[in-house]
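Source file: structure-v1.cif (mmCIF, C-alpha atoms and all ligand atoms)
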```
data_final
loop_
_atom_site.label_atom_id
_atom_site.label_comp_id
_atom_site.auth_asym_id
_atom_site.auth_seq_id
_atom_site.Cartn_x
_atom_site.Cartn_y
_atom_site.Cartn_z
CA MET A 249 133.40 -162.54 -80.07
CA LYS A 250 135.24 -160.15 -77.75
CA ARG A 251 133.94 -156.60 -78.11
CA ALA A 252 136.37 -153.80 -78.96
CA VAL A 253 134.51 -151.45 -76.64
CA PRO A 254 132.19 -152.35 -73.77
CA ALA A 255 128.41 -152.26 -74.22
CA PHE A 256 126.71 -151.39 -70.91
CA SER A 257 123.32 -152.85 -70.06
CA SER A 258 122.54 -149.83 -67.86
CA THR A 259 124.29 -146.74 -66.49
CA GLY A 260 123.94 -144.45 -63.48
CA PRO A 261 125.67 -141.18 -62.59
CA THR A 262 128.70 -143.04 -61.18
CA SER A 263 128.09 -146.62 -62.25
CA VAL A 264 127.81 -148.87 -65.26
CA ARG A 265 126.47 -152.39 -65.55
CA LEU A 266 128.67 -154.58 -67.71
CA ASP A 267 128.18 -158.31 -68.29
CA GLY A 268 125.79 -158.43 -65.34
CA VAL A 269 128.18 -156.69 -62.91
CA ASP A 270 127.84 -153.17 -61.49
CA LEU A 271 131.07 -151.20 -61.67
CA LEU A 272 131.98 -147.89 -60.07
CA SER A 273 132.68 -145.73 -63.10
CA PHE A 274 135.02 -142.85 -63.83
CA HIS A 275 134.21 -142.38 -67.48
CA GLY A 276 132.45 -140.08 -69.90
CA CYS A 277 131.67 -136.39 -69.69
CA GLY A 278 128.55 -136.19 -67.50
CA TYR A 279 130.46 -133.98 -65.10
CA LEU A 280 127.36 -132.74 -63.21
CA GLY A 281 125.41 -136.01 -63.12
CA LEU A 282 122.53 -134.35 -64.96
CA ALA A 283 121.80 -137.15 -67.45
CA HIS A 284 120.43 -139.24 -64.58
CA ASP A 285 118.85 -136.46 -62.54
CA PRO A 286 115.16 -137.20 -61.82
CA HIS A 287 114.01 -133.71 -62.96
CA VAL A 288 115.93 -133.99 -66.22
CA ARG A 289 114.55 -137.45 -66.90
CA ALA A 290 111.00 -136.33 -66.06
CA ALA A 291 111.31 -133.39 -68.49
CA ALA A 292 112.47 -135.75 -71.24
CA HIS A 293 109.56 -138.15 -70.58
CA GLU A 294 107.05 -135.30 -70.64
CA ALA A 295 108.45 -134.01 -73.96
CA ILE A 296 108.08 -137.48 -75.48
CA ASP A 297 104.46 -137.56 -74.31
CA ARG A 298 103.75 -134.16 -75.91
CA PHE A 299 105.84 -134.29 -79.08
CA GLY A 300 106.85 -137.89 -79.66
CA VAL A 301 110.44 -139.04 -79.87
CA SER A 302 111.51 -137.03 -82.94
CA GLY A 303 110.89 -133.66 -84.58
CA LEU A 304 110.87 -135.58 -87.87
CA ALA A 305 111.96 -132.65 -90.07
CA SER A 306 114.44 -129.85 -90.50
CA ARG A 307 113.78 -126.71 -88.44
CA ASN A 308 113.38 -124.81 -91.72
CA THR A 309 110.54 -126.97 -92.95
CA SER A 310 108.23 -128.35 -90.27
CA GLY A 311 110.48 -129.55 -87.47
CA ASN A 312 110.57 -126.29 -85.48
CA LEU A 313 109.11 -126.81 -82.00
CA GLU A 314 108.46 -124.38 -79.15
CA LEU A 315 110.99 -126.45 -77.25
CA HIS A 316 113.79 -125.48 -79.68
CA GLU A 317 113.00 -121.80 -79.32
CA ARG A 318 112.77 -122.10 -75.54
CA LEU A 319 116.13 -123.85 -75.38
CA GLU A 320 117.67 -121.16 -77.59
CA GLU A 321 116.31 -118.39 -75.37
CA ARG A 322 117.59 -120.25 -72.33
CA LEU A 323 121.07 -120.68 -73.87
CA SER A 324 121.38 -117.04 -74.89
CA GLU A 325 120.26 -115.98 -71.39
CA PHE A 326 122.72 -118.40 -69.81
CA PHE A 327 125.69 -117.19 -71.85
CA GLY A 328 124.59 -113.55 -71.98
CA THR A 329 124.66 -113.47 -75.78
CA GLU A 330 122.23 -111.81 -78.15
CA ALA A 331 121.16 -115.11 -79.67
CA ALA A 332 121.71 -118.84 -79.75
CA LEU A 333 120.93 -121.69 -82.11
CA VAL A 334 120.49 -125.38 -81.38
CA LEU A 335 121.89 -128.12 -83.61
CA THR A 336 121.70 -131.88 -83.52
CA ASP A 337 125.16 -132.29 -82.01
CA GLY A 338 128.24 -130.40 -80.97
CA TYR A 339 130.30 -131.61 -83.92
CA LEU A 340 127.74 -130.10 -86.27
CA ALA A 341 127.71 -126.85 -84.31
CA ASP A 342 131.33 -126.22 -85.29
CA ILE A 343 130.63 -127.18 -88.88
CA ALA A 344 127.58 -124.91 -89.08
CA ALA A 345 129.45 -121.98 -87.52
CA ALA A 346 132.35 -122.38 -89.97
CA GLN A 347 129.98 -122.69 -92.95
CA ALA A 348 128.21 -119.50 -91.95
CA LEU A 349 131.41 -117.56 -91.34
CA ARG A 350 132.86 -118.71 -94.61
CA HIS A 351 129.84 -117.97 -96.75
CA ALA A 352 127.77 -115.27 -95.12
CA PRO A 353 127.78 -112.42 -97.64
CA GLY A 354 128.46 -109.06 -96.10
CA GLN A 355 129.77 -110.46 -92.84
CA LEU A 356 132.79 -112.14 -94.33
CA PRO A 357 133.43 -111.95 -98.07
CA ASP A 358 133.24 -115.11 -100.16
CA ASP A 359 136.95 -115.16 -100.72
CA ALA A 360 138.66 -118.36 -101.88
CA ASP A 361 141.61 -117.70 -99.57
CA ARG A 362 139.76 -117.30 -96.30
CA VAL A 363 142.20 -118.18 -93.59
CA ALA A 364 141.59 -119.83 -90.24
CA LEU A 365 144.09 -120.32 -87.43
CA HIS A 366 143.58 -123.00 -84.81
CA ASP A 367 145.29 -124.45 -81.76
CA ALA A 368 147.14 -127.69 -82.60
CA ASP A 369 145.13 -129.64 -80.00
CA VAL A 370 141.64 -128.65 -81.15
CA HIS A 371 138.92 -131.27 -81.33
CA PRO A 372 138.50 -132.75 -84.83
CA SER A 373 135.08 -131.09 -85.04
CA ILE A 374 137.00 -127.83 -85.51
CA THR A 375 139.53 -129.02 -88.06
CA ASP A 376 136.78 -130.82 -90.00
CA ALA A 377 134.60 -127.72 -89.80
CA LEU A 378 137.35 -125.49 -91.16
CA SER A 379 138.32 -127.78 -94.01
CA SER A 380 134.78 -128.67 -95.03
CA ALA A 381 133.81 -124.99 -95.07
CA GLY A 382 136.74 -124.25 -97.37
CA PHE A 383 139.04 -122.35 -95.02
CA GLN A 384 142.73 -122.50 -95.61
CA SER A 385 143.76 -123.40 -92.10
CA PHE A 386 147.00 -123.18 -90.15
CA GLY A 387 147.65 -124.70 -86.74
CA TYR A 388 149.66 -122.91 -84.05
CA GLY A 389 151.47 -124.83 -81.32
CA ALA A 390 149.27 -126.01 -78.43
CA GLY A 391 148.50 -122.90 -76.36
CA ASP A 392 151.50 -121.17 -77.94
CA MET A 393 150.55 -117.50 -77.99
CA SER A 394 153.73 -116.31 -79.69
CA HIS A 395 153.12 -118.74 -82.56
CA ALA A 396 149.46 -117.69 -82.71
CA LEU A 397 150.46 -114.01 -82.76
CA ALA A 398 152.99 -114.56 -85.53
CA LEU A 399 150.29 -116.25 -87.66
CA LEU A 400 147.77 -113.54 -86.82
CA ASP A 401 150.25 -110.91 -87.89
CA LEU A 402 150.92 -112.75 -91.15
CA HIS A 403 147.22 -113.02 -91.98
CA LYS A 404 145.80 -109.90 -90.30
CA ASP A 405 144.62 -108.34 -93.57
CA GLY A 406 142.41 -111.33 -94.40
CA ALA A 407 140.16 -111.15 -91.31
CA PRO A 408 141.23 -114.62 -90.20
CA LEU A 409 138.95 -116.84 -88.15
CA VAL A 410 140.70 -118.06 -85.00
CA ALA A 411 139.28 -121.31 -83.62
CA THR A 412 140.04 -123.08 -80.38
CA ASP A 413 138.57 -125.37 -77.77
CA GLY A 414 137.83 -123.43 -74.58
CA ALA A 415 138.79 -126.14 -72.08
CA PHE A 416 141.08 -128.88 -73.39
CA ALA A 417 139.88 -131.55 -70.97
CA MET A 418 142.27 -134.29 -72.05
CA HIS A 419 145.24 -131.94 -72.10
CA GLY A 420 144.42 -130.29 -68.80
CA ARG A 421 144.57 -126.72 -70.04
CA LEU A 422 142.45 -123.77 -71.06
CA ALA A 423 142.72 -121.71 -74.24
CA PRO A 424 144.42 -118.32 -73.81
CA ALA A 425 141.11 -116.90 -75.00
CA ALA A 426 141.52 -113.41 -73.50
CA GLU A 427 144.89 -112.93 -75.18
CA LEU A 428 143.61 -114.27 -78.49
CA LEU A 429 140.73 -111.83 -78.34
CA ARG A 430 142.99 -108.94 -77.41
CA HIS A 431 145.07 -109.49 -80.54
CA LEU A 432 142.19 -110.34 -82.89
CA PRO A 433 141.79 -107.89 -85.80
CA THR A 434 138.54 -105.92 -85.47
CA ASN A 435 136.95 -107.59 -88.50
CA ALA A 436 137.91 -111.15 -87.47
CA ASN A 437 136.11 -113.75 -85.32
CA LEU A 438 137.11 -116.02 -82.47
CA LEU A 439 135.31 -119.38 -82.40
CA ILE A 440 135.50 -121.02 -78.98
CA ASP A 441 134.22 -124.60 -78.71
CA ASP A 442 133.70 -124.80 -74.96
CA SER A 443 132.11 -128.25 -74.85
CA HIS A 444 134.18 -129.24 -71.80
CA GLY A 445 134.22 -125.85 -70.07
CA VAL A 446 130.45 -125.32 -69.92
CA GLY A 447 129.06 -126.40 -66.56
CA VAL A 448 132.58 -126.84 -65.19
CA VAL A 449 134.67 -123.67 -65.60
CA GLY A 450 133.85 -120.13 -64.47
CA ARG A 451 132.26 -119.05 -61.19
CA THR A 452 128.78 -120.24 -62.15
CA GLY A 453 129.73 -122.78 -64.83
CA ARG A 454 129.35 -120.54 -67.89
CA GLY A 455 132.72 -121.73 -69.13
CA VAL A 456 135.88 -119.93 -70.22
CA VAL A 457 133.97 -116.87 -71.38
CA GLU A 458 132.85 -116.36 -67.78
CA LEU A 459 136.21 -117.30 -66.32
CA PHE A 460 138.05 -114.71 -68.42
CA GLY A 461 135.22 -112.14 -68.35
CA LEU A 462 134.88 -112.07 -72.15
CA ASP A 463 132.00 -110.22 -73.75
CA ASP A 464 132.61 -109.40 -77.41
CA PRO A 465 130.40 -109.77 -80.50
CA ARG A 466 133.37 -111.27 -82.37
CA ILE A 467 133.16 -114.38 -80.18
CA ILE A 468 131.19 -117.34 -81.50
CA LEU A 469 130.67 -119.83 -78.73
CA THR A 470 129.91 -123.41 -79.71
CA GLY A 471 129.52 -126.55 -77.65
CA SER A 472 127.94 -129.89 -77.03
CA LEU A 473 124.88 -130.43 -74.84
CA ALA A 474 126.15 -133.96 -74.19
CA LYS A 475 128.84 -133.15 -71.62
CA ALA A 476 128.06 -131.42 -68.31
CA LEU A 477 124.54 -130.58 -69.52
CA GLY A 478 123.78 -134.29 -69.62
CA SER A 479 121.63 -134.25 -72.77
CA ALA A 480 122.72 -134.40 -76.42
CA GLY A 481 122.82 -131.81 -79.16
CA GLY A 482 124.92 -128.79 -79.93
CA PHE A 483 124.64 -125.02 -79.75
CA ILE A 484 126.04 -121.84 -81.22
CA ALA A 485 125.78 -118.66 -79.14
CA GLY A 486 126.85 -115.18 -80.18
CA SER A 487 125.71 -112.02 -81.88
CA ALA A 488 122.27 -111.96 -83.49
CA GLU A 489 124.00 -111.34 -86.82
CA THR A 490 126.19 -114.44 -86.57
CA VAL A 491 123.35 -116.67 -85.43
CA GLU A 492 121.16 -115.40 -88.26
CA ALA A 493 124.02 -116.11 -90.69
CA VAL A 494 124.09 -119.71 -89.47
CA ARG A 495 120.33 -120.07 -89.95
CA ARG A 496 120.58 -118.72 -93.47
CA HIS A 497 123.84 -120.10 -94.76
CA ALA A 498 124.71 -123.32 -92.93
CA SER A 499 123.46 -126.34 -94.86
CA SER A 500 124.38 -128.44 -91.82
CA PHE A 501 121.62 -126.55 -89.95
CA SER A 502 118.98 -126.34 -92.68
CA GLY A 503 119.63 -129.84 -94.02
CA THR A 504 119.39 -131.82 -90.79
CA THR A 505 116.50 -133.05 -88.67
CA ALA A 506 115.81 -130.88 -85.64
CA LEU A 507 117.14 -131.91 -82.23
CA ALA A 508 114.84 -134.54 -80.67
CA PRO A 509 112.21 -133.12 -78.26
CA PRO A 510 113.29 -135.08 -75.13
CA LEU A 511 116.85 -133.87 -75.61
CA CYS A 512 115.71 -130.23 -75.85
CA ALA A 513 113.59 -130.58 -72.73
CA ALA A 514 116.43 -132.29 -70.86
CA ALA A 515 118.89 -129.52 -71.77
CA ILE A 516 116.47 -126.78 -70.67
CA THR A 517 116.00 -128.48 -67.30
CA SER A 518 119.76 -128.98 -66.92
CA LEU A 519 120.36 -125.26 -67.45
CA ASP A 520 117.67 -124.52 -64.84
CA LEU A 521 119.32 -126.92 -62.38
CA ILE A 522 122.81 -125.50 -62.89
CA GLU A 523 121.40 -122.13 -61.86
CA ALA A 524 119.13 -123.39 -59.10
CA GLU A 525 121.62 -125.80 -57.53
CA PRO A 526 125.06 -124.15 -57.44
CA GLU A 527 126.07 -126.84 -54.91
CA ARG A 528 126.42 -129.26 -57.83
CA LEU A 529 129.33 -127.28 -59.19
CA GLU A 530 130.75 -126.93 -55.67
CA ARG A 531 130.65 -130.73 -55.28
CA LEU A 532 132.28 -131.16 -58.68
CA ARG A 533 135.04 -128.70 -57.71
CA ALA A 534 135.66 -130.59 -54.47
CA ASN A 535 135.89 -133.87 -56.40
CA ILE A 536 138.19 -132.36 -59.02
CA GLY A 537 140.49 -131.25 -56.20
CA GLN A 538 140.39 -134.76 -54.72
CA LEU A 539 141.11 -136.40 -58.11
CA HIS A 540 144.22 -134.31 -58.65
CA ARG A 541 145.40 -134.82 -55.06
CA THR A 542 145.03 -138.55 -55.70
CA ALA A 543 147.07 -138.17 -58.87
CA ARG A 544 149.90 -136.51 -56.97
CA ARG A 545 149.74 -139.07 -54.14
CA VAL A 546 150.02 -141.99 -56.54
CA GLY A 547 152.90 -140.29 -58.33
CA LEU A 548 151.14 -139.23 -61.52
CA ARG A 549 151.81 -135.95 -63.22
CA SER A 550 148.61 -134.04 -62.78
CA THR A 551 147.84 -131.14 -65.05
CA GLY A 552 144.73 -129.02 -65.33
CA THR A 553 143.86 -129.27 -61.67
CA PHE A 554 140.66 -127.30 -62.34
CA LEU A 555 139.32 -129.87 -64.86
CA PRO A 556 137.52 -133.15 -64.05
CA VAL A 557 139.70 -135.41 -66.16
CA LEU A 558 142.88 -137.24 -65.21
CA ARG A 559 144.90 -138.75 -68.01
CA ILE A 560 147.14 -141.61 -66.99
CA GLU A 561 149.86 -141.99 -69.57
CA MET A 562 151.35 -145.47 -69.95
CA GLU A 563 154.26 -146.93 -71.88
CA SER A 564 152.04 -148.63 -74.45
CA GLU A 565 148.43 -149.19 -75.41
CA ASP A 566 148.79 -152.71 -74.00
CA ASP A 567 149.88 -151.27 -70.63
CA ALA A 568 146.89 -148.93 -70.67
CA ARG A 569 144.55 -151.84 -71.46
CA ARG A 570 146.17 -153.90 -68.66
CA LEU A 571 145.65 -151.13 -66.11
CA SER A 572 142.04 -150.63 -67.19
CA ALA A 573 141.46 -154.42 -66.98
CA ALA A 574 143.04 -154.58 -63.49
CA LEU A 575 140.73 -151.78 -62.30
CA HIS A 576 137.79 -153.62 -63.85
CA VAL A 577 138.61 -156.77 -61.85
CA GLU A 578 138.45 -154.56 -58.73
CA GLY A 579 135.01 -153.26 -59.75
CA ILE A 580 136.11 -149.94 -61.29
CA PHE A 581 135.53 -148.81 -64.84
CA ALA A 582 138.10 -146.34 -66.23
CA PRO A 583 138.63 -146.91 -69.95
CA ALA A 584 141.87 -147.24 -71.87
CA ILE A 585 141.33 -144.81 -74.70
CA ARG A 586 142.85 -143.61 -77.91
CA TYR A 587 142.67 -139.89 -78.19
CA HIS A 588 142.67 -138.29 -81.65
CA GLY A 589 145.99 -136.70 -82.41
CA ALA A 590 147.52 -137.86 -79.13
CA SER A 591 151.24 -138.48 -79.32
CA THR A 592 151.20 -140.61 -76.20
CA ARG A 593 151.59 -144.36 -76.28
CA GLY A 594 148.77 -145.47 -74.02
CA LEU A 595 146.11 -143.63 -72.05
CA VAL A 596 143.67 -144.43 -69.30
CA ARG A 597 141.10 -141.69 -68.77
CA CYS A 598 139.53 -141.09 -65.34
CA ALA A 599 136.75 -138.51 -65.07
CA VAL A 600 134.98 -137.41 -61.90
CA THR A 601 131.50 -135.98 -61.51
CA SER A 602 129.71 -133.98 -58.85
CA GLU A 603 127.99 -137.23 -57.85
CA HIS A 604 131.04 -139.27 -56.80
CA THR A 605 131.27 -139.67 -53.03
CA ALA A 606 134.43 -139.21 -50.98
CA ALA A 607 134.42 -142.99 -50.33
CA GLU A 608 134.28 -143.70 -54.09
CA LEU A 609 137.20 -141.39 -54.74
CA ARG A 610 139.18 -143.05 -51.92
CA ARG A 611 138.47 -146.41 -53.52
CA LEU A 612 139.84 -145.16 -56.83
CA GLU A 613 143.01 -143.94 -55.12
CA GLU A 614 143.58 -147.19 -53.21
CA THR A 615 143.00 -149.24 -56.35
CA LEU A 616 145.35 -147.11 -58.44
CA ILE A 617 148.06 -147.47 -55.79
CA ARG A 618 147.75 -151.26 -56.02
CA HIS A 619 147.78 -151.43 -59.79
CA LEU A 620 149.91 -148.67 -61.23
CA PRO A 621 153.01 -150.36 -62.57
CA GLU A 622 156.46 -149.25 -61.50
CA PRO A 623 157.66 -147.03 -63.04
CA PRO A 624 154.68 -145.79 -65.11
CA ILE A 625 155.09 -142.75 -67.27
CA ARG A 626 153.76 -140.24 -64.81
C1 LIG B 1 135.62 -130.17 -77.78
C2 LIG B 1 134.53 -130.97 -78.41
N1 LIG B 1 133.81 -130.42 -79.41
C3 LIG B 1 132.81 -131.07 -80.01
C4 LIG B 1 132.48 -132.36 -79.64
C5 LIG B 1 131.37 -133.06 -80.35
O1 LIG B 1 130.20 -132.96 -79.59
P1 LIG B 1 129.00 -133.98 -79.84
O2 LIG B 1 129.38 -135.26 -79.23
O3 LIG B 1 127.82 -133.32 -79.22
O4 LIG B 1 128.86 -134.08 -81.33
C6 LIG B 1 133.19 -132.99 -78.62
C7 LIG B 1 132.81 -134.37 -78.22
O5 LIG B 1 133.56 -135.20 -77.86
C8 LIG B 1 134.24 -132.27 -77.98
O6 LIG B 1 134.95 -132.85 -77.00
#
```
Can the structure in the file be given as C-alpha cells, please?
Amino acid sequence: MKRAVPAFSSTGPTSVRLDGVDLLSFHGCGYLGLAHDPHVRAAAHEAIDRFGVSGLASRNTSGNLELHERLEERLSEFFGTEAALVLTDGYLADIAAAQALRHAPGQLPDDADRVALHDADVHPSITDALSSAGFQSFGYGAGDMSHALALLDLHKDGAPLVATDGAFAMHGRLAPAAELLRHLPTNANLLIDDSHGVGVVGRTGRGVVELFGLDDPRIILTGSLAKALGSAGGFIAGSAETVEAVRRHASSFSGTTALAPPLCAAAITSLDLIEAEPERLERLRANIGQLHRTARRVGLRSTGTFLPVLRIEMESEDDARRLSAALHVEGIFAPAIRYHGASTRGLVRCAVTSEHTAAELRRLEETLIRHLPEPPIR
C-alpha cells in the first residue's frame, strides 16, 4: 500500500533515508542541526542510563526529576524571565498557559466572558488553547495592527488576553509584538508562542522578545523544544506569578506525565550549545540568505527573508506533489504539505538548517530551476 506520508528508516541533520535511498533533505524544523549533534545525543544517552527512558509520573506526584528543574532554570536564564516551566510538548504549553490565565484566581477573575484576541494565522495550539480554556476568542487579520487595536479598544475593560505566534515561519513574517505590548491594557497579558523564533530570531537566538527588546511581566512566552532546540517538549517562560499559576491551575500540566529524561537532557545541552557556539546561528543566517536569494533567482516570491522556510505555492495540491516527487527523483526531499488554515492550493515547504553546505544549497537551486513548472504561482 502506498503511504500517505513517508516513513524514514534514518535521518541526519540534512539527510533522510527513504526506501533504502539517502536523500538530501530540506524538511522539518531542526534549524540548528541540534537533534543530531554528538553532544546532544550523548546527553540524551547519559540521561537514559541514569533515569531510564521515562519519568513515569506527573511532576506533581513522583515524576519530578532534577533534570526538569535544571532545564527550567536554564530556560529562565536563557530568556531572562523570572521563571519557566517545562511541559511534554509545545502544543500543551499553550493549553496550560491559557488554562492558568483563565482560571488563576486573583490574577485574572473567573469570569465567564473572558476575552482573548489572536492573530488570524496563529498555530492551532493557540486557538485550541483559547477555546478549551473557555475564552471567548476573536481573530484579527494576519498582522493587522489596526484591526487588533480596534478589538483591543472594544474589549479593553475585560483585561483581554492577546495571543500570537512570535515568528510565523510558514507565512514569512513576525508578530508586531512590540506594538501589541505598547497597546496592551495594564491588567492584560500577551501570550507569544515563539516556537519558530527561538534559536533563529534575535541577535543571540532568543527569539522575537530579544529582537524587539521586550521585557515585561505581562508577556507569557511559550514554545516547543522540538524546533531549533532539536529535542521535544514545550515550555512556558514568564513572571514567577504566571508560572506558579500554571503549576497550580493547569490540569494539562498536573495531569500529564513529565517530559522524558533524555529529552530534558538534550534540551539543556542544546541551550548550552546555542550560547557556546554562536557560529551555528551565523551559519543558519548565511543559509537563510542563500535560500531566499535562490527563491528570487528561480522566480519565486520570497517573503520573510530572515526565516529559514521557503514556501513554494503551486496551482494545486497535485502540482505540489508533482514538484516534490520530481525533486525526490533527483535525490532531494522537500515535502508537499497541507498547512492548517492555508488558503493556498498547493504547497511545497523547503527549510534550511545551519548544517546545509553551500554545495547542497546550490544543488537545491539547480534542481528547482529544472523542475519548477512555467508559470508557477510565485
Ligand atoms: C507555532 C507552534 N506552536 C506550537 C507547536 C506545537 O509544538 P509541539 O510539536 O512541541 O507540540 C508547533 C508545532 O508545529 C508550532 O509550530
Query raised in the report: Please, which residues have at least one atom within 8 Å of an atom of ligand LIG 1 (chain B), using only C-alpha atoms and all ligand atoms, listed as a PyMOL selection string?
Result: chain A and resi 336-342+370-374+413-417+441-444+471-475+480-482
**Report entry** Selected residue, from A:Thr542, A:Thr470, A:Thr452, A:Ser258, that lies nearest to Ile440 of chain A when counting all atoms listed in the file
**Finding:** A:Thr470
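Each of A:Cys598, A:Leu477, A:Ala390, A:Ala607 was compared to Leu519 of chain A using only C-alpha atoms, and A:Leu477 turns out to be the nearest.
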Quick one: contact table of segment 436-530 of chain A to segment 310-325 of chain A, 10 Å max, nearest atom pair and distance in Å to one decimal per residue, counting all atoms listed in the file, chain and number order, as JSON lines?
```
{"residue": "A:Phe483", "atom": "CA", "partner": "A:Leu323", "partner_atom": "CA", "distance": 8.1}
{"residue": "A:Ile484", "atom": "CA", "partner": "A:Leu323", "partner_atom": "CA", "distance": 8.9}
{"residue": "A:Ala485", "atom": "CA", "partner": "A:Ser324", "partner_atom": "CA", "distance": 6.3}
{"residue": "A:Gly486", "atom": "CA", "partner": "A:Ser324", "partner_atom": "CA", "distance": 7.8}
{"residue": "A:Ser487", "atom": "CA", "partner": "A:Ser324", "partner_atom": "CA", "distance": 9.6}
{"residue": "A:Thr504", "atom": "CA", "partner": "A:Gly311", "partner_atom": "CA", "distance": 9.8}
{"residue": "A:Thr505", "atom": "CA", "partner": "A:Gly311", "partner_atom": "CA", "distance": 7.1}
{"residue": "A:Ala506", "atom": "CA", "partner": "A:Gly311", "partner_atom": "CA", "distance": 5.8}
{"residue": "A:Leu507", "atom": "CA", "partner": "A:His316", "partner_atom": "CA", "distance": 7.7}
{"residue": "A:Ala508", "atom": "CA", "partner": "A:His316", "partner_atom": "CA", "distance": 9.2}
{"residue": "A:Pro509", "atom": "CA", "partner": "A:Leu315", "partner_atom": "CA", "distance": 6.9}
{"residue": "A:Pro510", "atom": "CA", "partner": "A:Leu315", "partner_atom": "CA", "distance": 9.2}
{"residue": "A:Leu511", "atom": "CA", "partner": "A:Leu315", "partner_atom": "CA", "distance": 9.6}
{"residue": "A:Cys512", "atom": "CA", "partner": "A:Leu315", "partner_atom": "CA", "distance": 6.2}
{"residue": "A:Ala513", "atom": "CA", "partner": "A:Leu315", "partner_atom": "CA", "distance": 6.7}
{"residue": "A:Ala514", "atom": "CA", "partner": "A:Leu319", "partner_atom": "CA", "distance": 9.6}
{"residue": "A:Ala515", "atom": "CA", "partner": "A:Leu319", "partner_atom": "CA", "distance": 7.3}
{"residue": "A:Ile516", "atom": "CA", "partner": "A:Leu319", "partner_atom": "CA", "distance": 5.6}
{"residue": "A:Thr517", "atom": "CA", "partner": "A:Leu319", "partner_atom": "CA", "distance": 9.3}
{"residue": "A:Leu519", "atom": "CA", "partner": "A:Arg322", "partner_atom": "CA", "distance": 7.5}
{"residue": "A:Asp520", "atom": "CA", "partner": "A:Arg322", "partner_atom": "CA", "distance": 8.6}
```
Requested in this report: Identify which of the residues A:Ile580, A:Ala599, A:Leu532, A:Ala407 lies closest to Ser263 of chain A, counting all atoms listed in the file when measuring atom-to-atom distances.
Outcome: A:Ile580
Query - Residues within 7 Å of Leu378 of chain A, all atoms listed in the file, excluding chain neighbours under 5 positions, as an NGL selection string - result: :A and (346 or 383 or 385)
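Between atom CA of Asp267 of chain A and atom CA of Asp567 of chain A lies a distance of 22.9 Å.
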**Report entry** Atom-to-atom span, atom CA of Leu529 of chain A and atom CA of Arg610 of chain A, Å
**Finding:**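 That distance, rounded to one decimal, is 20.0 Å.
Between atom CA of Val494 of chain A and atom CA of Asn308 of chain A the interatomic distance comes to 12.1 Å.
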**Report entry** Residue with smallest distance to Leu438 of chain A - pool A:Ser479, A:Leu365, A:Asp405, A:Ser499, counting all atoms listed in the file
**Finding:**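 Of the candidates, the smallest distance to Leu438 of chain A is held by A:Leu365.
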Requested in this report: Select, counting all atoms listed in the file, all protein, DNA and RNA residues no farther than 12 Å from (147.0, -153.2, -71.0) in file coordinates, and express the selection as a list of chain:residue names.
Outcome: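 Protein and nucleic acid residues near the point are A:Glu561, A:Met562, A:Glu563, A:Ser564, A:Glu565, A:Asp566, A:Asp567, A:Ala568, A:Arg569, A:Arg570, A:Leu571, A:Ser572, A:Ala573, A:Ala574, A:Leu575, A:His576, A:Pro583, A:Ala584, A:Ile585, A:Arg593, A:Gly594, A:Leu595, A:Val596, A:His619, A:Leu620, A:Pro621.
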Query - Protein, DNA and RNA residues within 8 Å of (123.7, -124.4, -89.5), only C-alpha atoms, as a list in words - result: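 Output: Leu335, Leu340, Ala341, Ile343, Ala344, Ala345, Gln347, Ala348, Val494, Arg495, Arg496, His497, Ala498, Ser499, Ser500, Phe501 and Ser502 of chain A.
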Requested in this report: List the neighbours of Ala396 of chain A out to 12 Å using all atoms listed in the file; skip same-chain residues closer than 5 positions along the sequence, and give me the result as a list in words.
Outcome: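 Residues near the query, excluding close chain neighbours: Ala364, Leu365, His366, Asp367, Ala368, Phe386, Gly387, Tyr388, Gly389, Ala390, Gly391, Asp401, Leu402, His403, Lys404, Pro408, Leu409, Val410, Ala411, Thr412, Ala423, Pro424, Ala425, Glu427, Leu428, Leu429, His431 and Leu432 of chain A.
Among the candidate residues A:Leu271, A:Ile468, A:Ile560, A:Ala252, the one lying nearest to His419 of chain A is A:Ile560, with distances computed using only C-alpha atoms.
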Requested in this report: Find the residues near Arg430 of chain A: any atom within 12 Å, counting only C-alpha atoms, skip ones fewer than 3 places away on the same chain, and give them as a ChimeraX atom specification.
Outcome: /A:393,397,400,424-427,433-434,436-438,460,462-464,466-467
Export C-alpha atoms of the chosen residues as a short mmCIF file (atom, residue, chain, number, x, y, z; two decimals), in the frame of the given file?
```
data_model
loop_
_atom_site.label_atom_id
_atom_site.label_comp_id
_atom_site.auth_asym_id
_atom_site.auth_seq_id
_atom_site.Cartn_x
_atom_site.Cartn_y
_atom_site.Cartn_z
CA MET A 393 150.55 -117.50 -77.99
CA LEU A 397 150.46 -114.01 -82.76
CA LEU A 400 147.77 -113.54 -86.82
CA PRO A 424 144.42 -118.32 -73.81
CA ALA A 425 141.11 -116.90 -75.00
CA ALA A 426 141.52 -113.41 -73.50
CA GLU A 427 144.89 -112.93 -75.18
CA PRO A 433 141.79 -107.89 -85.80
CA THR A 434 138.54 -105.92 -85.47
CA ALA A 436 137.91 -111.15 -87.47
CA ASN A 437 136.11 -113.75 -85.32
CA LEU A 438 137.11 -116.02 -82.47
CA PHE A 460 138.05 -114.71 -68.42
CA LEU A 462 134.88 -112.07 -72.15
CA ASP A 463 132.00 -110.22 -73.75
CA ASP A 464 132.61 -109.40 -77.41
CA ARG A 466 133.37 -111.27 -82.37
CA ILE A 467 133.16 -114.38 -80.18
#
```
Query - Top pick for closest residue to Ala331 of chain A, considering A:Val577, A:Ala488, A:Leu609, A:His540 and counting only C-alpha atoms - result: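 Closest residue, counting only C-alpha atoms: A:Ala488.
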